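Asker: Can you read through this structure? Questions will come right after.
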Amino acid sequence: MERIRCDRTATWRGLQNLFANGGQTFDLRRAFADDATRFETFSQSAPHVFADLSKNLLDSDSQRLLFALARQCGLEQYRDAMFAGESINNTEQRQVLHWLLRSPAAHSGVAPNLTGELAQVHAVLDAMLAYAQSVRADESITDIVNIGIGGSDLGPQMAVLALDSFVLPGKRFHFVSNVDGHELAAVLKRLKPASTLFLIASKTFTTIETMTNARSARQWFEANGGSDVGRHFAALTTNVAAAREFGIRTTFGFWDWVGGRYSIWSAIGLPLAIAIGPQGFREFLAGAHEMDQHFQSAALERNLPVRLGLLDVWYRNFHRFNSRSIAPYHSALRRLPAYLQQLEMESNGKCVDAQGQALRFGTAPVLWGEPGTNGQHAYFQMLHQGTDTVPVEFVAVKNARHDLTGHQELLLANALAQAQALMMGQHDTGGHKNFLGNRPSTFLLLDELTPSTLGALIALQEHRVFVSGSLWGINSFDQWGVELGKVLAKDVQARLQTGDVNGLDGSTAGLLQRLR
Ligand code: F6P
């Protein structure tokens with residue numbers, strides 16, 4: 001399908017005008033004073049998520065033009081092309097079907113050309129959940145070690161931590177990703193082969209970090225009296241043949257149309273399925289599916305991923321904010337910022353469009369953050385009084401799953417107070433105590449943190465990245481930018497052995513010599 005890039009539309013110029021004439025000087029405090037209905041207008045419910053967008057530097061005029069921009073760029077057609085199974089990952093000639101992993105088996109909304117894929121999805125899902133159940137029931141297995149990196153680590157790790165209160169007692173989960181042997185060694189020293197299950201998670205089954213860790217884990221297993229690699233190792237991969245060659249006979253496959261950073265819904269989710277059980281995993285998928293349906297069917301004006309994605313474009317390309325801070329006010333969501341970092345920055349961190357044409361505007365912002373209230377005692381100073389404006393995305397959960405008194409109220413009060421302080425500021429003639437205010441934030445609110453609400457939250461984030469990537473005209477589903485470093489690491493590794501610095505730049509040569 002033909003895509004129209006945002007900067008080649010008439011509406012883009014309209015937005016530039018609007019920004020120059022009022023958008024730039026928009027004041028949130030005045031906007032609330034002038035409009036008693038601002039909260040209602042700029043907030044909405046979506047499946048499992050309530051979103052307050054009213055504390056953003058956005059009025060009805062700019063929002064209306066942003067919706068027009070989305071329509072002019074063909075966002076709806078591009079979205080429909082993904083759901084129709086077109087190969088929208090054009091640089092790799094692949095379909096983009098991660099959303100199919102969460103479609104119910106008998107889902108009538110799935111395009112007829114995808115029913116074969118859907119059947120395969122459910123065959124693997126059923127087998128993987130049966131296996132998860134058998135591991136849960138096996139009391140001799142107490143430790144599950146996921147070895148994977150990037151999307152084969154961040155998703156399951158983030159979700160197992162997030163759903164900690166649903167995790168089966170008696171099972172411990174470990175995540176090893178870094179090729180730095182300290183990480184694996186620290187985990188192994190706490191384990192016994194007979195009670196450990198290793199899950200080797202790699203879409204390609206070639207990633208050097210994962211393969212190195214997997215080989216070391218097997219050596220440790222055998223050297224410490226472990227027998228039956230077949231029982232204590234399983235592989236989650238699209239490259240089942242390579243896993244078999246490695247000696248693993250329990251394998252769960254997925255497909256090249258699942259990007260690594262979108263793979264938590266596939267066999268890569270096995271650690272989560274073991275942790276929260278088959279029913280919990282199905283609820284996780286179902287929550288995400290509800291968000292898919294919302295994204296597919298809600299009018300753009302009431303479509304939460306669309307509204308968030310358009311806000312991202314408005315901030316990045318007109319206000320020129322180059323980062324977004326994510327502040328989960330729930331300690332179990334402590335890996336959410338890292339997960340979203342890969343999702344946003346690996347998807348949209350591109351400086352050419354899908355046709356390889358240079359882009360003359362900003363794309364993915366830097367995404368970063370820590371859970372609240374910790375962040376408040378570290379970098380929030382800069383958010384309140386620094387020279388840059390950083391939009392903050394709060395993620396709060398209304399009901400806690402512990403029974404300690406006072407904590408939850410204090411936590412939520414802090415989230416609200418931070419958003420309030422960012423916006424309202426404080427006038428002080430002395431300077432140091434002056435807070436300019438007018439600093440934007442979005443407030444995402446879940447009633448509970450459960451498998452289904454987490455699924456919906458993650459799908460929401462996937463689709464908002466789709467929306468901004470769509471307008472920017474880029475392919476959000478490849479990641480060529482990580483290849484060069486992989487190639488050079490091989491060359492440098494060989495040179496570390498031989499000491500050959502011929503042809504290297506002065507700095508690399510100097511450091512290499514010091515490292516020998
Ligand atoms: O860093 C590039 C990347 O390909 C990511 O996209 C991916 O999530 C990660 O490496 C791991 O890849 P694999 O699952 O194939 O080991």
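Chain identifiers are assigned as A, B, and so on, following the order in which chains appear in the structure tokens; residues are numbered from 1 within each chain, and ligands are numbered from 1 in order of appearance.
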Within 10 Å of ligand 1, which residues show up when you count only C-alpha atoms and all ligand atoms? List them as number ranges by chain, please.

Answerer: A: 147-155, 177, 200-211, 236-239, 259-263, 268, 342-343, 346-347, 477-483, 485-486

Asker: I'd like the contact shell of A:Ala162 - 9 Å cut-off, only C-alpha atoms, skipping same-chain residues fewer than 2 positions apart - returned as an mmCIF file with N, CA and C atoms, in the first residue's frame.

Answerer:
data_model
loop_
_atom_site.group_PDB
_atom_site.id
_atom_site.type_symbol
_atom_site.label_atom_id
_atom_site.label_comp_id
_atom_site.auth_asym_id
_atom_site.auth_seq_id
_atom_site.Cartn_x
_atom_site.Cartn_y
_atom_site.Cartn_z
ATOM 1 N N GLN A 157 10.710 -11.130 31.498
ATOM 2 C CA GLN A 157 11.216 -10.636 32.781
ATOM 3 C C GLN A 157 10.290 -9.560 33.363
ATOM 4 N N MET A 158 9.939 -8.579 32.525
ATOM 5 C CA MET A 158 9.049 -7.512 32.972
ATOM 6 C C MET A 158 7.731 -8.093 33.474
ATOM 7 N N ALA A 159 7.171 -9.045 32.724
ATOM 8 C CA ALA A 159 5.834 -9.554 33.056
ATOM 9 C C ALA A 159 5.857 -10.468 34.286
ATOM 10 N N VAL A 160 6.907 -11.286 34.423
ATOM 11 C CA VAL A 160 6.973 -12.159 35.614
ATOM 12 C C VAL A 160 7.102 -11.299 36.872
ATOM 13 N N ASP A 164 4.064 -10.697 39.960
ATOM 14 C CA ASP A 164 4.651 -11.437 41.080
ATOM 15 C C ASP A 164 3.606 -12.002 42.043
ATOM 16 N N SER A 165 2.546 -11.243 42.278
ATOM 17 C CA SER A 165 1.581 -11.728 43.274
ATOM 18 C C SER A 165 0.727 -12.881 42.730
ATOM 19 N N HIS A 330 4.220 1.656 40.769
ATOM 20 C CA HIS A 330 3.971 0.294 41.242
ATOM 21 C C HIS A 330 5.324 -0.404 41.128
ATOM 22 N N SER A 331 5.853 -0.853 42.256
ATOM 23 C CA SER A 331 7.231 -1.361 42.211
ATOM 24 C C SER A 331 7.344 -2.611 41.350
ATOM 25 N N ALA A 332 6.252 -3.365 41.201
ATOM 26 C CA ALA A 332 6.319 -4.572 40.368
ATOM 27 C C ALA A 332 6.485 -4.226 38.886
ATOM 28 N N LEU A 333 6.225 -2.967 38.534
ATOM 29 C CA LEU A 333 6.405 -2.552 37.134
ATOM 30 C C LEU A 333 7.796 -1.968 36.910
ATOM 31 N N ARG A 334 8.761 -2.394 37.731
ATOM 32 C CA ARG A 334 10.070 -1.740 37.660
ATOM 33 C C ARG A 334 10.836 -2.027 36.375
ATOM 34 N N ARG A 335 10.494 -3.085 35.659
ATOM 35 C CA ARG A 335 11.172 -3.317 34.371
ATOM 36 C C ARG A 335 10.354 -2.783 33.195
ATOM 37 N N LEU A 336 9.227 -2.163 33.481
ATOM 38 C CA LEU A 336 8.426 -1.618 32.378
ATOM 39 C C LEU A 336 9.201 -0.566 31.562
ATOM 40 N N LEU A 449 -3.509 -4.558 38.974
ATOM 41 C CA LEU A 449 -2.460 -5.087 38.095
ATOM 42 C C LEU A 449 -2.667 -6.596 38.028
ATOM 43 N N THR A 450 -3.262 -7.055 36.939
ATOM 44 C CA THR A 450 -3.594 -8.478 36.766
ATOM 45 C C THR A 450 -3.082 -8.917 35.397
ATOM 46 N N PRO A 451 -3.124 -10.220 35.099
ATOM 47 C CA PRO A 451 -2.701 -10.633 33.758
ATOM 48 C C PRO A 451 -3.450 -9.879 32.658
ATOM 49 N N LEU A 454 -2.406 -6.092 32.503
ATOM 50 C CA LEU A 454 -1.033 -5.944 31.994
ATOM 51 C C LEU A 454 -1.011 -6.191 30.484
#

Asker: Extract, using only C-alpha atoms, all DNA, RNA and protein residues at most 10 Å from A:Leu114, discarding same-chain residues fewer than 2 positions from it, and format them as a list in words.

Answerer: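 Once the adjacent positions are removed, what remains is Phe83, Ala84, Gly85, Leu97, Leu100, Val110, Ala111, Pro112, Gly116, Glu117, Leu118 and Ala119 of chain A.
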
Asker: With C-alpha atoms retained, write the just-selected residues as a compact mmCIF listing (two decimals), in the first residue's frame.

Answerer:
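Contents of again07.txt, as written:
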# COMPACT_ATOMS: atom_id res chain seq x y z
CA PHE A 83 -4.43 -6.82 10.49
CA ALA A 84 -5.05 -8.14 6.95
CA GLY A 85 -1.66 -9.85 6.96
CA LEU A 97 1.21 -10.64 13.04
CA LEU A 100 -2.61 -12.83 15.99
CA VAL A 110 -9.41 -12.73 11.61
CA ALA A 111 -8.90 -12.38 7.84
CA PRO A 112 -9.62 -15.65 5.97
CA GLY A 116 -3.97 -21.31 8.83
CA GLU A 117 -1.59 -19.19 10.91
CA LEU A 118 -4.19 -18.86 13.65
CA ALA A 119 -4.54 -22.64 13.84

Asker: Could you check which of A:Val179, A:Ala127, A:Val492, A:Ala354 is closest to A:Ser476, using only C-alpha atoms?

Answerer: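 Result for the nearest residue to A:Ser476: A:Ala354.
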
Asker: How would you write, as a ChimeraX atom specification, the set of residues in stretch 221-450 of chain A that DSSP gives as helix (DSSP H, G or I)?

Answerer: /A:221-223,229-232,240-245,260-262,267-297,300-302,304-318,331-333,336-348,374-377,380-385,407-424

Asker: Emit the selected residues as a compact mmCIF listing (two decimals), in the first residue's frame, including C-alpha atoms.

Answerer:
# COMPACT_ATOMS: atom_id res chain seq x y z
CA PHE A 221 24.87 -28.69 34.22
CA GLU A 222 26.96 -31.62 33.05
CA ALA A 223 30.01 -30.75 35.17
CA VAL A 229 19.72 -32.39 29.19
CA GLY A 230 16.52 -33.26 27.35
CA ARG A 231 14.47 -32.85 30.54
CA HIS A 232 16.27 -29.83 31.96
CA VAL A 240 13.77 -25.34 15.89
CA ALA A 241 16.40 -27.16 13.79
CA ALA A 242 19.26 -25.23 15.48
CA ALA A 243 17.78 -25.97 18.92
CA ARG A 244 17.67 -29.69 18.10
CA GLU A 245 21.26 -29.54 16.94
CA GLY A 260 11.59 -10.00 18.95
CA ARG A 261 10.27 -7.01 20.89
CA TYR A 262 6.70 -8.14 20.17
CA ALA A 267 6.46 -19.21 23.09
CA ILE A 268 8.84 -16.55 24.45
CA GLY A 269 6.13 -16.06 27.10
CA LEU A 270 6.74 -19.56 28.52
CA PRO A 271 8.40 -18.33 31.77
CA LEU A 272 5.32 -16.20 32.38
CA ALA A 273 3.01 -19.13 31.60
CA ILE A 274 4.88 -21.30 34.10
CA ALA A 275 4.80 -18.49 36.65
CA ILE A 276 1.11 -17.55 36.47
CA GLY A 277 -0.34 -20.72 34.95
CA PRO A 278 -2.19 -21.47 31.72
CA GLN A 279 -5.35 -19.66 32.79
CA GLY A 280 -3.41 -16.55 33.79
CA PHE A 281 -1.51 -16.58 30.49
CA ARG A 282 -4.77 -16.86 28.55
CA GLU A 283 -6.10 -13.87 30.48
CA PHE A 284 -2.94 -11.94 29.61
CA LEU A 285 -3.56 -12.67 25.92
CA ALA A 286 -7.26 -11.84 26.24
CA GLY A 287 -6.55 -8.42 27.78
CA ALA A 288 -4.23 -7.61 24.88
CA HIS A 289 -6.81 -8.84 22.38
CA GLU A 290 -9.39 -6.46 23.81
CA MET A 291 -6.94 -3.61 23.20
CA ASP A 292 -6.38 -4.87 19.62
CA GLN A 293 -10.09 -4.69 19.00
CA HIS A 294 -10.27 -1.21 20.45
CA PHE A 295 -7.38 -0.10 18.21
CA GLN A 296 -9.03 -1.66 15.16
CA SER A 297 -12.53 -0.38 15.67
CA LEU A 300 -9.65 7.84 15.87
CA GLU A 301 -11.04 10.50 18.20
CA ARG A 302 -11.74 7.91 20.92
CA LEU A 304 -6.40 5.55 22.92
CA PRO A 305 -3.33 4.18 21.09
CA VAL A 306 -4.05 6.70 18.32
CA ARG A 307 -4.35 9.60 20.76
CA LEU A 308 -1.11 8.64 22.52
CA GLY A 309 0.76 8.13 19.24
CA LEU A 310 -0.41 11.49 17.89
CA LEU A 311 0.65 13.19 21.09
CA ASP A 312 4.08 11.61 20.61
CA VAL A 313 4.28 13.15 17.13
CA TRP A 314 3.11 16.53 18.41
CA TYR A 315 5.75 16.55 21.15
CA ARG A 316 8.61 15.19 19.07
CA ASN A 317 8.12 17.16 15.89
CA PHE A 318 6.53 20.42 16.97
CA SER A 331 7.23 -1.36 42.21
CA ALA A 332 6.32 -4.57 40.37
CA LEU A 333 6.40 -2.55 37.13
CA LEU A 336 8.43 -1.62 32.38
CA PRO A 337 10.65 1.34 31.39
CA ALA A 338 13.34 -1.01 30.03
CA TYR A 339 10.73 -3.01 28.15
CA LEU A 340 9.18 0.11 26.63
CA GLN A 341 12.61 1.44 25.78
CA GLN A 342 13.23 -1.47 23.41
CA LEU A 343 9.69 -1.30 22.08
CA GLU A 344 9.89 2.39 21.21
CA MET A 345 13.55 2.90 20.41
CA GLU A 346 14.22 -0.28 18.44
CA SER A 347 10.97 0.17 16.52
CA ASN A 348 11.12 3.87 15.72
CA ASN A 374 12.09 6.35 43.88
CA GLY A 375 12.48 8.60 40.85
CA GLN A 376 11.23 11.56 42.89
CA HIS A 377 14.34 11.33 45.05
CA PHE A 380 12.52 14.47 39.33
CA GLN A 381 14.44 17.61 40.31
CA MET A 382 15.38 17.97 36.64
CA LEU A 383 11.82 17.27 35.52
CA HIS A 384 10.53 20.09 37.70
CA GLN A 385 13.26 22.70 37.36
CA HIS A 407 1.17 2.65 51.77
CA GLN A 408 -1.12 2.62 48.75
CA GLU A 409 -2.72 5.93 49.64
CA LEU A 410 0.67 7.52 50.07
CA LEU A 411 1.90 6.06 46.79
CA LEU A 412 -1.10 7.31 44.82
CA ALA A 413 -0.99 10.69 46.55
CA ASN A 414 2.60 11.06 45.40
CA ALA A 415 1.77 10.18 41.80
CA LEU A 416 -1.04 12.73 41.74
CA ALA A 417 1.03 15.36 43.52
CA GLN A 418 3.94 15.01 41.09
CA ALA A 419 1.68 15.42 38.07
CA GLN A 420 0.04 18.39 39.78
CA ALA A 421 3.37 20.03 40.69
CA LEU A 422 4.73 19.56 37.16
CA MET A 423 1.71 21.36 35.78
CA MET A 424 0.98 23.99 38.41

Asker: So how far away is atom CA of A:Gln493 from atom CA of A:Gly181, in Å?

Answerer: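 Answer for the atom CA of A:Gly181 to atom CA of A:Gln493 separation: 15.7 Å.
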
Asker: Please indicate the distance in Å from atom CA of A:Arg8 to atom CA of A:Gly473, rounded to one decimal place.

Answerer: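 Separating atom CA of A:Arg8 from atom CA of A:Gly473 is a distance of 10.2 Å.
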
Asker: Per DSSP on the backbone, filter stretch 178-368 of chain A down to the residues in strand (DSSP E) and report them as a VMD selection string.

Answerer: chain A and resid 196 to 201 233 to 237 250 to 253 323 to 329 366 to 368

Asker: Just checking: using only C-alpha atoms, which residue out of A:Arg38, A:Arg5, A:His182, A:Arg249 ends up closest to A:Ala358?

Answerer: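 Comparing A:Arg38, A:Arg5, A:His182, A:Arg249 against A:Ala358, the winner is A:Arg5.
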
Asker: Set the distance at 10 Å and use only C-alpha atoms: which residues neighbour A:Gly499 once local chain neighbours fewer than 6 positions away are removed? I'd like the list as a VMD selection string.

Answerer: chain A and resid 492 to 493 509 512 to 513 515 to 516

Asker: I need the chosen residues saved as a PDB file, in the first residue's frame, with all heavy atoms.

Answerer:
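Output contents, as saved in again.pdb:
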ATOM      1  N   VAL A 492      36.766  -7.452  16.534  1.00  0.00           N
ATOM      2  CA  VAL A 492      37.541  -6.999  17.696  1.00  0.00           C
ATOM      3  C   VAL A 492      37.918  -8.192  18.577  1.00  0.00           C
ATOM      4  O   VAL A 492      39.021  -8.255  19.120  1.00  0.00           O
ATOM      5  CB  VAL A 492      36.758  -5.923  18.493  1.00  0.00           C
ATOM      6  CG1 VAL A 492      37.475  -5.573  19.779  1.00  0.00           C
ATOM      7  CG2 VAL A 492      36.570  -4.667  17.648  1.00  0.00           C
ATOM      8  N   GLN A 493      37.009  -9.142  18.691  1.00  0.00           N
ATOM      9  CA  GLN A 493      37.297 -10.325  19.516  1.00  0.00           C
ATOM     10  C   GLN A 493      38.531 -11.055  18.968  1.00  0.00           C
ATOM     11  O   GLN A 493      39.427 -11.442  19.728  1.00  0.00           O
ATOM     12  CB  GLN A 493      36.082 -11.260  19.524  1.00  0.00           C
ATOM     13  CG  GLN A 493      36.220 -12.377  20.544  1.00  0.00           C
ATOM     14  CD  GLN A 493      35.125 -13.422  20.402  1.00  0.00           C
ATOM     15  OE1 GLN A 493      34.380 -13.429  19.428  1.00  0.00           O
ATOM     16  NE2 GLN A 493      35.038 -14.314  21.374  1.00  0.00           N
ATOM     17  N   ALA A 509      42.393   1.132  18.848  1.00  0.00           N
ATOM     18  CA  ALA A 509      43.691   0.454  18.933  1.00  0.00           C
ATOM     19  C   ALA A 509      44.291   0.630  20.332  1.00  0.00           C
ATOM     20  O   ALA A 509      44.762  -0.340  20.952  1.00  0.00           O
ATOM     21  CB  ALA A 509      44.640   1.015  17.875  1.00  0.00           C
ATOM     22  N   LEU A 512      42.341  -1.383  22.912  1.00  0.00           N
ATOM     23  CA  LEU A 512      42.537  -2.820  22.698  1.00  0.00           C
ATOM     24  C   LEU A 512      43.864  -3.266  23.306  1.00  0.00           C
ATOM     25  O   LEU A 512      43.947  -4.304  23.967  1.00  0.00           O
ATOM     26  CB  LEU A 512      42.474  -3.098  21.192  1.00  0.00           C
ATOM     27  CG  LEU A 512      42.350  -4.564  20.778  1.00  0.00           C
ATOM     28  CD1 LEU A 512      41.352  -4.701  19.632  1.00  0.00           C
ATOM     29  CD2 LEU A 512      43.666  -5.160  20.360  1.00  0.00           C
ATOM     30  N   GLN A 513      44.888  -2.436  23.103  1.00  0.00           N
ATOM     31  CA  GLN A 513      46.195  -2.817  23.660  1.00  0.00           C
ATOM     32  C   GLN A 513      46.165  -2.840  25.186  1.00  0.00           C
ATOM     33  O   GLN A 513      46.759  -3.697  25.817  1.00  0.00           O
ATOM     34  CB  GLN A 513      47.277  -1.884  23.133  1.00  0.00           C
ATOM     35  CG  GLN A 513      47.775  -2.375  21.777  1.00  0.00           C
ATOM     36  CD  GLN A 513      48.457  -1.298  20.951  1.00  0.00           C
ATOM     37  OE1 GLN A 513      48.294  -0.112  21.224  1.00  0.00           O
ATOM     38  NE2 GLN A 513      49.211  -1.717  19.956  1.00  0.00           N
ATOM     39  N   LEU A 515      43.664  -3.624  26.945  1.00  0.00           N
ATOM     40  CA  LEU A 515      42.814  -4.737  27.400  1.00  0.00           C
ATOM     41  C   LEU A 515      43.472  -6.102  27.229  1.00  0.00           C
ATOM     42  O   LEU A 515      42.925  -7.107  27.672  1.00  0.00           O
ATOM     43  CB  LEU A 515      41.468  -4.714  26.654  1.00  0.00           C
ATOM     44  CG  LEU A 515      40.512  -3.614  27.117  1.00  0.00           C
ATOM     45  CD1 LEU A 515      39.336  -3.484  26.169  1.00  0.00           C
ATOM     46  CD2 LEU A 515      40.010  -3.893  28.542  1.00  0.00           C
ATOM     47  N   ARG A 516      44.594  -6.153  26.574  1.00  0.00           N
ATOM     48  CA  ARG A 516      45.268  -7.454  26.372  1.00  0.00           C
ATOM     49  C   ARG A 516      46.125  -7.854  27.553  1.00  0.00           C
ATOM     50  O   ARG A 516      46.687  -7.037  28.232  1.00  0.00           O
ATOM     51  CB  ARG A 516      46.112  -7.385  25.105  1.00  0.00           C
ATOM     52  CG  ARG A 516      45.235  -7.738  23.899  1.00  0.00           C
ATOM     53  CD  ARG A 516      45.956  -7.638  22.608  1.00  0.00           C
ATOM     54  NE  ARG A 516      47.268  -8.283  22.589  1.00  0.00           N
ATOM     55  CZ  ARG A 516      47.494  -9.588  22.378  1.00  0.00           C
ATOM     56  NH1 ARG A 516      46.485 -10.397  22.181  1.00  0.00           N
ATOM     57  NH2 ARG A 516      48.716 -10.083  22.355  1.00  0.00           N
TER      58      ARG A 516
END

Asker: Just give me the gap between atom CA of A:Phe246 and atom CA of A:Met128 in Å, one decimal is fine.

Answerer: 19.9 Å

Asker: As a list in words, please: the residues near A:Asp491 (cut-off 12 Å, only C-alpha atoms, same-chain neighbours under 2 positions excluded).

Answerer: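 In the requested format, the answer is Leu484, Gly485, Lys486, Val487, Leu488, Ala489, Gln493, Ala494, Arg495, Leu496, Gln497, Thr498, Gly499, Asp500, Val501, Asn502, Gly503, Leu504, Thr508 and Leu512 of chain A.
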
Asker: So which residues touch stretch 21-28 of chain A within 10 Å, counting only C-alpha atoms, skipping near sequence neighbours fewer than 3 positions away, as a VMD selection string?

Answerer: chain A and resid 15 to 18 31 to 34 54 to 59 61 to 62 318 to 319 423 to 424 437 to 440

Asker: Could those selected residues go to a file with C-alpha atoms, as a compact mmCIF listing (two decimals), in the first residue's frame?

Answerer:
# COMPACT_ATOMS: atom_id res chain seq x y z
CA LEU A 15 0.16 22.15 12.39
CA GLN A 16 3.37 24.15 12.01
CA ASN A 17 1.29 27.32 11.71
CA LEU A 18 -0.84 26.39 14.63
CA ALA A 31 -6.61 25.93 29.65
CA PHE A 32 -8.11 24.39 32.81
CA ALA A 33 -9.32 27.79 34.03
CA ASP A 34 -11.00 28.45 30.67
CA SER A 54 -5.70 16.58 29.97
CA LYS A 55 -2.38 17.67 31.45
CA ASN A 56 -0.80 17.72 28.01
CA LEU A 57 0.08 20.76 25.90
CA LEU A 58 -2.79 20.11 23.57
CA ASP A 59 -6.04 21.88 22.76
CA ASP A 61 -7.61 22.67 17.55
CA SER A 62 -4.24 20.95 17.63
CA PHE A 318 6.53 20.42 16.97
CA HIS A 319 7.56 20.99 20.59
CA MET A 423 1.71 21.36 35.78
CA MET A 424 0.98 23.99 38.41
CA GLY A 437 5.17 24.58 35.83
CA ASN A 438 3.30 23.92 32.58
CA ARG A 439 5.23 20.65 32.33
CA PRO A 440 3.10 18.01 30.62
